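Structure below is model35.cif: mmCIF, C-alpha atoms.
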data_entry
#
loop_
_atom_site.label_atom_id
_atom_site.label_comp_id
_atom_site.auth_asym_id
_atom_site.auth_seq_id
_atom_site.Cartn_x
_atom_site.Cartn_y
_atom_site.Cartn_z
CA MET Y 734 6.04 13.59 21.04
CA GLN Y 735 4.90 12.45 17.65
CA SER Y 736 4.77 8.76 16.82
CA GLN Y 737 5.77 7.47 13.42
CA THR Y 738 2.13 6.74 12.53
CA ASP Y 739 1.15 10.30 13.26
CA ARG Y 740 4.00 11.53 11.12
CA LEU Y 741 2.98 9.27 8.23
CA SER Y 742 -0.65 10.32 8.56
CA SER Y 743 0.22 13.98 8.54
CA THR Y 744 2.54 13.46 5.56
CA PHE Y 745 -0.13 11.62 3.62
CA SER Y 746 -2.91 14.03 4.44
CA ALA Y 747 -0.68 16.97 3.51
CA LEU Y 748 0.03 15.22 0.19
CA ALA Y 749 -3.65 14.52 -0.45
CA ASP Y 750 -4.18 17.98 -1.93
CA PRO Y 751 -3.12 18.74 -5.53
CA THR Y 752 -2.20 22.35 -4.80
CA ARG Y 753 0.11 21.29 -1.99
CA ARG Y 754 1.73 18.68 -4.20
CA ALA Y 755 2.29 21.32 -6.86
CA ILE Y 756 3.84 23.60 -4.22
CA LEU Y 757 6.20 20.81 -3.20
CA ALA Y 758 7.04 20.16 -6.84
CA ARG Y 759 7.89 23.84 -7.29
CA LEU Y 760 10.02 23.85 -4.13
CA SER Y 761 11.98 20.83 -5.35
CA THR Y 762 13.56 23.19 -7.88
CA GLY Y 763 14.66 25.61 -5.18
CA GLU Y 764 13.47 28.07 -2.53
CA ALA Y 765 10.50 30.32 -3.28
CA THR Y 766 8.51 33.07 -1.62
CA VAL Y 767 4.76 32.97 -0.99
CA GLN Y 768 4.34 35.36 -3.93
CA ASP Y 769 6.30 33.04 -6.24
CA LEU Y 770 4.24 30.08 -5.11
CA ALA Y 771 0.90 31.86 -5.52
CA LYS Y 772 1.56 32.85 -9.13
CA PRO Y 773 0.74 29.62 -11.01
CA PHE Y 774 -2.39 28.90 -8.98
CA LYS Y 775 -4.46 32.06 -9.40
CA MET Y 776 -4.96 31.95 -5.66
CA THR Y 777 -4.95 34.70 -3.07
CA LEU Y 778 -1.90 34.99 -0.83
CA PRO Y 779 -3.89 34.02 2.30
CA ALA Y 780 -5.12 30.88 0.51
CA VAL Y 781 -1.57 29.91 -0.38
CA SER Y 782 -0.41 30.72 3.15
CA LYS Y 783 -2.99 28.28 4.47
CA HIS Y 784 -1.54 25.49 2.35
CA LEU Y 785 1.95 26.44 3.45
CA LYS Y 786 0.92 26.18 7.09
CA VAL Y 787 -0.33 22.63 6.49
CA LEU Y 788 2.93 21.73 4.78
CA GLU Y 789 4.95 23.37 7.53
CA ARG Y 790 3.04 21.49 10.22
CA ALA Y 791 3.69 18.23 8.35
CA LYS Y 792 7.36 19.30 8.27
CA LEU Y 793 7.41 19.00 4.49
CA ILE Y 794 8.68 22.55 4.18
CA ARG Y 795 10.74 24.93 6.26
CA ARG Y 796 10.45 28.70 6.21
CA SER Y 797 13.29 31.06 6.81
CA ARG Y 798 12.83 33.29 9.86
CA ASN Y 799 15.46 35.78 8.86
CA ALA Y 800 14.45 37.34 5.61
CA GLN Y 801 11.44 39.60 5.49
CA TRP Y 802 9.92 37.65 2.60
CA ARG Y 803 10.44 34.36 4.43
CA PRO Y 804 11.33 32.00 1.57
CA CYS Y 805 10.16 28.37 1.77
CA TYR Y 806 12.36 25.29 1.38
CA LEU Y 807 11.48 21.68 0.73
CA ASN Y 808 12.19 19.22 3.53
CA ALA Y 809 12.39 15.80 1.91
CA ALA Y 810 12.79 13.53 4.96
CA PRO Y 811 9.07 12.89 5.64
CA LEU Y 812 8.57 12.20 1.92
CA LYS Y 813 11.25 9.57 2.07
CA GLU Y 814 9.58 7.97 5.06
CA ALA Y 815 6.28 7.85 3.16
CA ALA Y 816 7.97 6.39 0.07
CA ASP Y 817 9.67 3.75 2.22
CA TRP Y 818 6.35 2.79 3.73
CA VAL Y 819 4.76 2.38 0.30
CA GLY Y 820 7.75 0.27 -0.72
CA GLU Y 821 7.33 -2.07 2.22
CA TYR Y 822 3.63 -2.33 1.51
CA ARG Y 823 4.29 -3.20 -2.12
CA LYS Y 824 6.88 -5.78 -1.20
CA PHE Y 825 4.53 -7.33 1.32
CA TRP Y 826 1.89 -7.93 -1.32
CA GLU Y 827 4.10 -8.93 -4.23
CA GLU Y 828 5.79 -11.57 -2.11
CA SER Y 829 2.62 -12.70 -0.34
CA LEU Y 830 0.86 -13.23 -3.66
CA ASP Y 831 3.85 -15.18 -5.00
CA ARG Y 832 3.60 -17.42 -1.99
CA LEU Y 833 -0.19 -17.67 -2.32
CA ASP Y 834 0.29 -18.82 -5.92
CA ALA Y 835 2.67 -21.55 -4.79
CA TYR Y 836 0.35 -22.58 -1.95
CA LEU Y 837 -2.66 -22.83 -4.30
CA LYS Y 838 -0.69 -25.17 -6.53
CA VAL Y 839 0.00 -27.41 -3.52
CA LEU Y 840 -3.69 -27.36 -2.54
CA GLN Y 841 -4.76 -28.22 -6.07
CA ALA Y 842 -2.24 -31.04 -6.27
CA GLN Y 843 -3.64 -32.42 -3.01
CA GLU Y 844 -7.20 -32.17 -4.28
CA THR Y 845 -6.30 -33.88 -7.54
CA ALA Y 846 -4.53 -36.63 -5.63
CA SER Y 847 -7.49 -37.24 -3.32
CA THR Y 848 -10.28 -37.04 -5.90
CA LYS Y 849 -8.62 -38.74 -8.84
CA PRO Y 850 -6.77 -41.99 -8.34
CA THR Y 851 -4.88 -41.60 -11.60
CA PRO Y 852 -2.72 -38.58 -12.41
CA GLY Y 853 -5.03 -36.42 -14.50
CA PRO Y 854 -3.95 -33.13 -16.02
CA ARG Y 855 -0.87 -33.09 -18.17
CA ALA Y 856 2.05 -31.18 -16.81
CA ARG Y 857 1.90 -27.52 -17.79
CA LYS Y 858 5.48 -26.67 -17.08
CA GLU Y 859 8.06 -27.12 -19.75
CA LYS Y 860 11.11 -29.02 -18.73
CA LYS Y 861 13.36 -26.20 -19.78
CA LYS Y 862 16.15 -25.05 -17.53
CA MET U 575 -19.48 -2.94 -6.68
CA THR U 576 -18.78 -0.89 -3.64
CA ALA U 577 -19.38 2.80 -4.04
CA THR U 578 -16.36 4.41 -2.48
CA GLY U 579 -16.31 7.62 -4.48
CA SER U 580 -13.39 8.58 -6.62
CA THR U 581 -10.45 7.08 -4.82
CA THR U 582 -8.79 5.51 -7.84
CA ASP U 583 -6.12 8.17 -7.91
CA ARG U 584 -5.43 7.72 -4.21
CA GLU U 585 -4.98 4.02 -3.80
CA ILE U 586 -2.43 1.32 -4.11
CA SER U 587 -3.90 -1.50 -6.07
CA LEU U 588 -2.46 -4.87 -6.93
CA SER U 589 -4.13 -7.41 -9.10
CA ARG U 590 -3.17 -10.89 -10.10
CA VAL U 591 -4.81 -13.74 -11.98
CA PHE U 592 -4.47 -17.13 -10.34
CA ASP U 593 -4.86 -20.45 -12.04
CA ALA U 594 -7.20 -21.63 -9.30
CA PRO U 595 -10.95 -21.56 -8.62
CA ARG U 596 -12.33 -18.71 -6.54
CA GLU U 597 -13.53 -20.92 -3.68
CA LEU U 598 -10.04 -22.30 -3.19
CA ILE U 599 -8.51 -18.82 -2.97
CA TRP U 600 -11.22 -17.71 -0.59
CA LYS U 601 -10.36 -20.70 1.58
CA ALA U 602 -6.65 -19.81 1.50
CA TRP U 603 -7.59 -16.36 2.83
CA THR U 604 -10.10 -17.35 5.45
CA ASP U 605 -8.68 -20.48 7.01
CA PRO U 606 -6.16 -19.72 9.78
CA VAL U 607 -3.99 -22.68 8.80
CA GLY U 608 -4.26 -21.87 5.11
CA ILE U 609 -3.30 -18.23 5.48
CA SER U 610 -0.22 -19.04 7.54
CA ASN U 611 1.16 -20.78 4.45
CA TRP U 612 1.52 -17.66 2.40
CA TRP U 613 0.80 -14.44 4.35
CA GLY U 614 3.71 -12.04 4.45
CA PRO U 615 6.92 -11.51 2.53
CA GLU U 616 9.40 -14.28 1.76
CA GLY U 617 10.76 -15.87 4.93
CA PHE U 618 7.87 -14.77 7.16
CA SER U 619 5.52 -17.05 9.05
CA THR U 620 2.26 -16.15 10.74
CA THR U 621 0.65 -17.37 13.94
CA THR U 622 -3.08 -16.81 14.32
CA LYS U 623 -4.49 -16.27 17.79
CA VAL U 624 -8.07 -15.56 16.75
CA MET U 625 -9.77 -15.56 13.34
CA ASP U 626 -13.41 -14.61 13.58
CA LEU U 627 -14.62 -14.22 10.03
CA ARG U 628 -17.64 -11.91 10.13
CA PRO U 629 -18.20 -8.15 9.99
CA GLY U 630 -16.83 -6.78 13.25
CA GLY U 631 -14.88 -9.97 13.89
CA VAL U 632 -11.11 -9.86 14.35
CA TRP U 633 -8.08 -11.67 13.07
CA ASP U 634 -5.38 -11.38 15.71
CA HIS U 635 -2.10 -12.61 14.36
CA THR U 636 1.62 -12.22 14.72
CA MET U 637 4.00 -12.19 11.81
CA HIS U 638 7.41 -13.65 12.52
CA GLY U 639 10.19 -12.09 10.47
CA PRO U 640 13.14 -14.07 9.14
CA ASP U 641 15.41 -12.23 11.59
CA GLY U 642 13.29 -13.35 14.56
CA THR U 643 11.39 -10.08 14.97
CA ASP U 644 7.69 -10.42 15.79
CA TYR U 645 5.11 -8.09 14.28
CA PRO U 646 1.77 -8.26 16.11
CA ASN U 647 -1.16 -7.30 13.90
CA HIS U 648 -4.78 -6.61 14.60
CA THR U 649 -7.20 -6.99 11.70
CA GLU U 650 -10.88 -6.23 11.89
CA TYR U 651 -13.25 -7.50 9.19
CA ILE U 652 -15.66 -4.88 7.90
CA GLU U 653 -17.34 -6.75 5.05
CA VAL U 654 -17.33 -10.49 4.47
CA THR U 655 -19.13 -11.72 1.34
CA GLU U 656 -18.15 -15.28 0.57
CA PRO U 657 -16.54 -15.97 -1.86
CA GLU U 658 -16.13 -12.58 -3.53
CA LEU U 659 -15.35 -9.72 -1.18
CA LEU U 660 -13.34 -9.03 1.97
CA VAL U 661 -12.95 -5.57 3.47
CA TYR U 662 -10.81 -5.16 6.56
CA SER U 663 -8.91 -2.64 8.55
CA ASN U 664 -5.47 -3.45 9.75
CA GLU U 665 -3.26 -1.98 12.37
CA GLY U 666 0.12 -3.17 13.40
CA ALA U 667 3.79 -2.91 12.74
CA LYS U 668 4.96 -3.86 9.30
CA LYS U 669 8.49 -4.80 8.45
CA GLY U 670 10.73 -1.88 9.22
CA GLY U 671 8.85 -1.11 12.40
CA THR U 672 6.39 1.44 11.09
CA TYR U 673 3.08 1.28 12.90
CA VAL U 674 0.27 1.67 10.41
CA LYS U 675 -3.49 1.58 10.11
CA PHE U 676 -5.43 1.35 6.86
CA VAL U 677 -8.45 -0.22 5.19
CA SER U 678 -8.04 -2.76 2.41
CA THR U 679 -10.58 -4.19 -0.03
CA VAL U 680 -9.95 -7.60 -1.52
CA THR U 681 -12.06 -8.77 -4.45
CA PHE U 682 -12.15 -12.30 -5.79
CA ASP U 683 -13.38 -12.28 -9.42
CA ASP U 684 -14.32 -15.57 -11.02
CA LEU U 685 -12.95 -15.45 -14.57
CA GLY U 686 -14.26 -18.88 -15.51
CA ASN U 687 -12.14 -21.84 -16.60
CA GLY U 688 -10.87 -22.21 -13.05
CA LYS U 689 -9.18 -18.81 -13.09
CA THR U 690 -9.62 -16.06 -10.54
CA ARG U 691 -8.56 -12.45 -10.47
CA LEU U 692 -7.56 -11.23 -7.04
CA THR U 693 -7.38 -7.50 -6.44
CA VAL U 694 -6.12 -5.83 -3.27
CA ARG U 695 -6.82 -2.12 -2.95
CA THR U 696 -5.70 0.18 -0.18
CA VAL U 697 -6.68 3.81 -0.29
CA PHE U 698 -3.61 5.90 -0.07
CA PRO U 699 -3.49 9.61 -0.77
CA SER U 700 -0.51 9.97 -3.02
CA THR U 701 -0.90 8.23 -6.35
CA GLU U 702 -1.28 11.50 -8.20
CA LEU U 703 2.12 12.26 -6.83
CA ARG U 704 3.53 9.73 -9.27
CA ASP U 705 2.91 12.01 -12.24
CA LYS U 706 4.27 15.06 -10.46
CA ILE U 707 7.29 13.07 -9.55
CA ASP U 708 8.15 12.09 -13.08
CA ALA U 709 7.33 15.48 -14.56
CA GLU U 710 8.67 17.84 -11.96
CA TYR U 711 10.95 16.22 -9.46
CA GLY U 712 13.08 14.61 -12.13
CA ALA U 713 15.69 17.34 -12.08
CA SER U 714 16.53 17.14 -8.42
CA LYS U 715 19.13 14.53 -7.57
CA GLY U 716 18.41 12.25 -4.64
CA LEU U 717 14.81 13.26 -4.74
CA ALA U 718 14.63 11.95 -8.28
CA ASP U 719 15.91 8.62 -7.12
CA MET U 720 13.46 8.47 -4.26
CA PHE U 721 10.52 9.45 -6.37
CA SER U 722 11.28 7.08 -9.19
CA ARG U 723 11.17 4.36 -6.55
CA LEU U 724 7.84 5.67 -5.35
CA ALA U 725 6.55 5.82 -8.92
CA ARG U 726 7.57 2.22 -9.45
CA TYR U 727 5.75 1.12 -6.33
CA LEU U 728 2.61 2.92 -7.33
CA SER U 729 2.49 1.98 -11.00
#
As structure tokens - that is how I would like this structure written.
Amino acid sequence: MQSQTDRLSSTFSALADPTRRAILARLSTGEATVQDLAKPFKMTLPAVSKHLKVLERAKLIRRSRNAQWRPCYLNAAPLKEAADWVGEYRKFWEESLDRLDAYLKVLQAQETASTKPTPGPRARKEKKK
Amino acid sequence: MTATGSTTDREISLSRVFDAPRELIWKAWTDPVGISNWWGPEGFSTTTKVMDLRPGGVWDHTMHGPDGTDYPNHTEYIEVTEPELLVYSNEGAKKGGTYVKFVSTVTFDDLGNGKTRLTVRTVFPSTELRDKIDAEYGASKGLADMFSRLARYLS
């Protein structure tokens, strides 16, 4: 059984290679054979097959068992999972840093209040609503 | 500068300039009470069990989601250079339930005049994907939507 972390790791490591990303890009336009996929890369068929095996293991592609030329198809689900994870990560930081900004203002207000008996800096915010 | 090789095309990086001195931001990151005031998305709170700020030390904490879900997290500090650099690894369950592990580098740059640039970088092997996405996935419906989201996150 594969945990979600393992799936994400295998998705990301499969995506870490530019040739494999290009293969996925090509497959997003439709099915292709190993020969089709090898063409733009000036690579040998065994070299391309190696990349395809990595992608297949990461479940980013599927290969037909029926036809002799075994065309490859894109399987987008793991990509979506990876994109979702990046989205959550981004949200975590954007919102954390917003909150940090607000918290720093509170800290600075406290410091100003404790070190200066009179209100010092002029208000920066415009009173526009 | 930390020599990490060429990872710039494989990382998520966020940067923000704060109108606050570097020492104060460092304190907000490294004080267990301070960090509970802002760590996590809107509506989250954080309880710290242990915060041992030194290389090899841990920050054991639980994030409490707005819906009552708890997310236990285990952070291990790798580099601690007050007040300019924090490197840590993190494992735990983020919102959405995904269990993750990654290394983040946080730099605190003093810009003078009481301003500080904070940069959070996490190496992540898919930034190059962004360009592919825009150039090549654009035609495919559904995928296009998903990848434009991804591109937005990574830009």
Requested in this report: Pull out every residue of chain Y that has at least one atom within 10 Å of chain U, counting only C-alpha atoms, and report them as an NGL selection string.
Outcome: :Y and (736-739 or 741-742 or 744-751 or 754-755 or 757-763 or 809-810 or 812-838 or 840-841)
Requested in this report: Apply the PyMOL selection byres ((chain U and resi 639) around 8) to the structure shown and report the selected residues as a ChimeraX atom specification.
Outcome: /U:617-619,637-638,640-645,669
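The interatomic distance for the pair CA of Glu789 (chain Y) and CA of Arg740 (chain Y) works out to 12.4 Å.
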Query raised in the report: Can you list, as JSON, numbers by chain, the residues that the PyMOL selection byres ((chain Y and resi 783-786) around 12) selects here?
Result: {"Y": [746, 747, 748, 749, 750, 751, 752, 753, 754, 755, 756, 757, 760, 765, 766, 767, 768, 770, 771, 774, 776, 777, 778, 779, 780, 781, 782, 787, 788, 789, 790, 791, 792, 793, 794, 795, 796, 803, 804, 805, 806, 807]}
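The space separating CA of Val677 (chain U) from CA of Arg695 (chain U) comes to 8.5 Å.
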Requested in this report: Write out as a list in words each polymer residue whose atoms come within 12 Å of Glu597 (chain U), counting all atoms listed in the file; drop sequence neighbours fewer than 6 positions from it.
Outcome: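 Answer for this query is Leu837, Leu840 and Gln841 of chain Y; Trp603, Thr604, Asp605, Thr655, Glu656, Pro657, Glu658, Leu659, Phe682, Asp683, Asp684, Gly688, Lys689, Thr690, Arg691 and Leu692 of chain U.
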Requested in this report: Taking the file above as input, evaluate the PyMOL selection byres ((chain U and resi 622-625) around 8) and report the hits as a list in words.
Outcome: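 Applying the PyMOL selection byres ((chain U and resi 622-625) around 8) to the structure shown produces Pro606, Ser610, Thr620, Thr621, Asp626, Leu627, Gly631, Val632, Trp633, Asp634, His635 and Thr636 of chain U.
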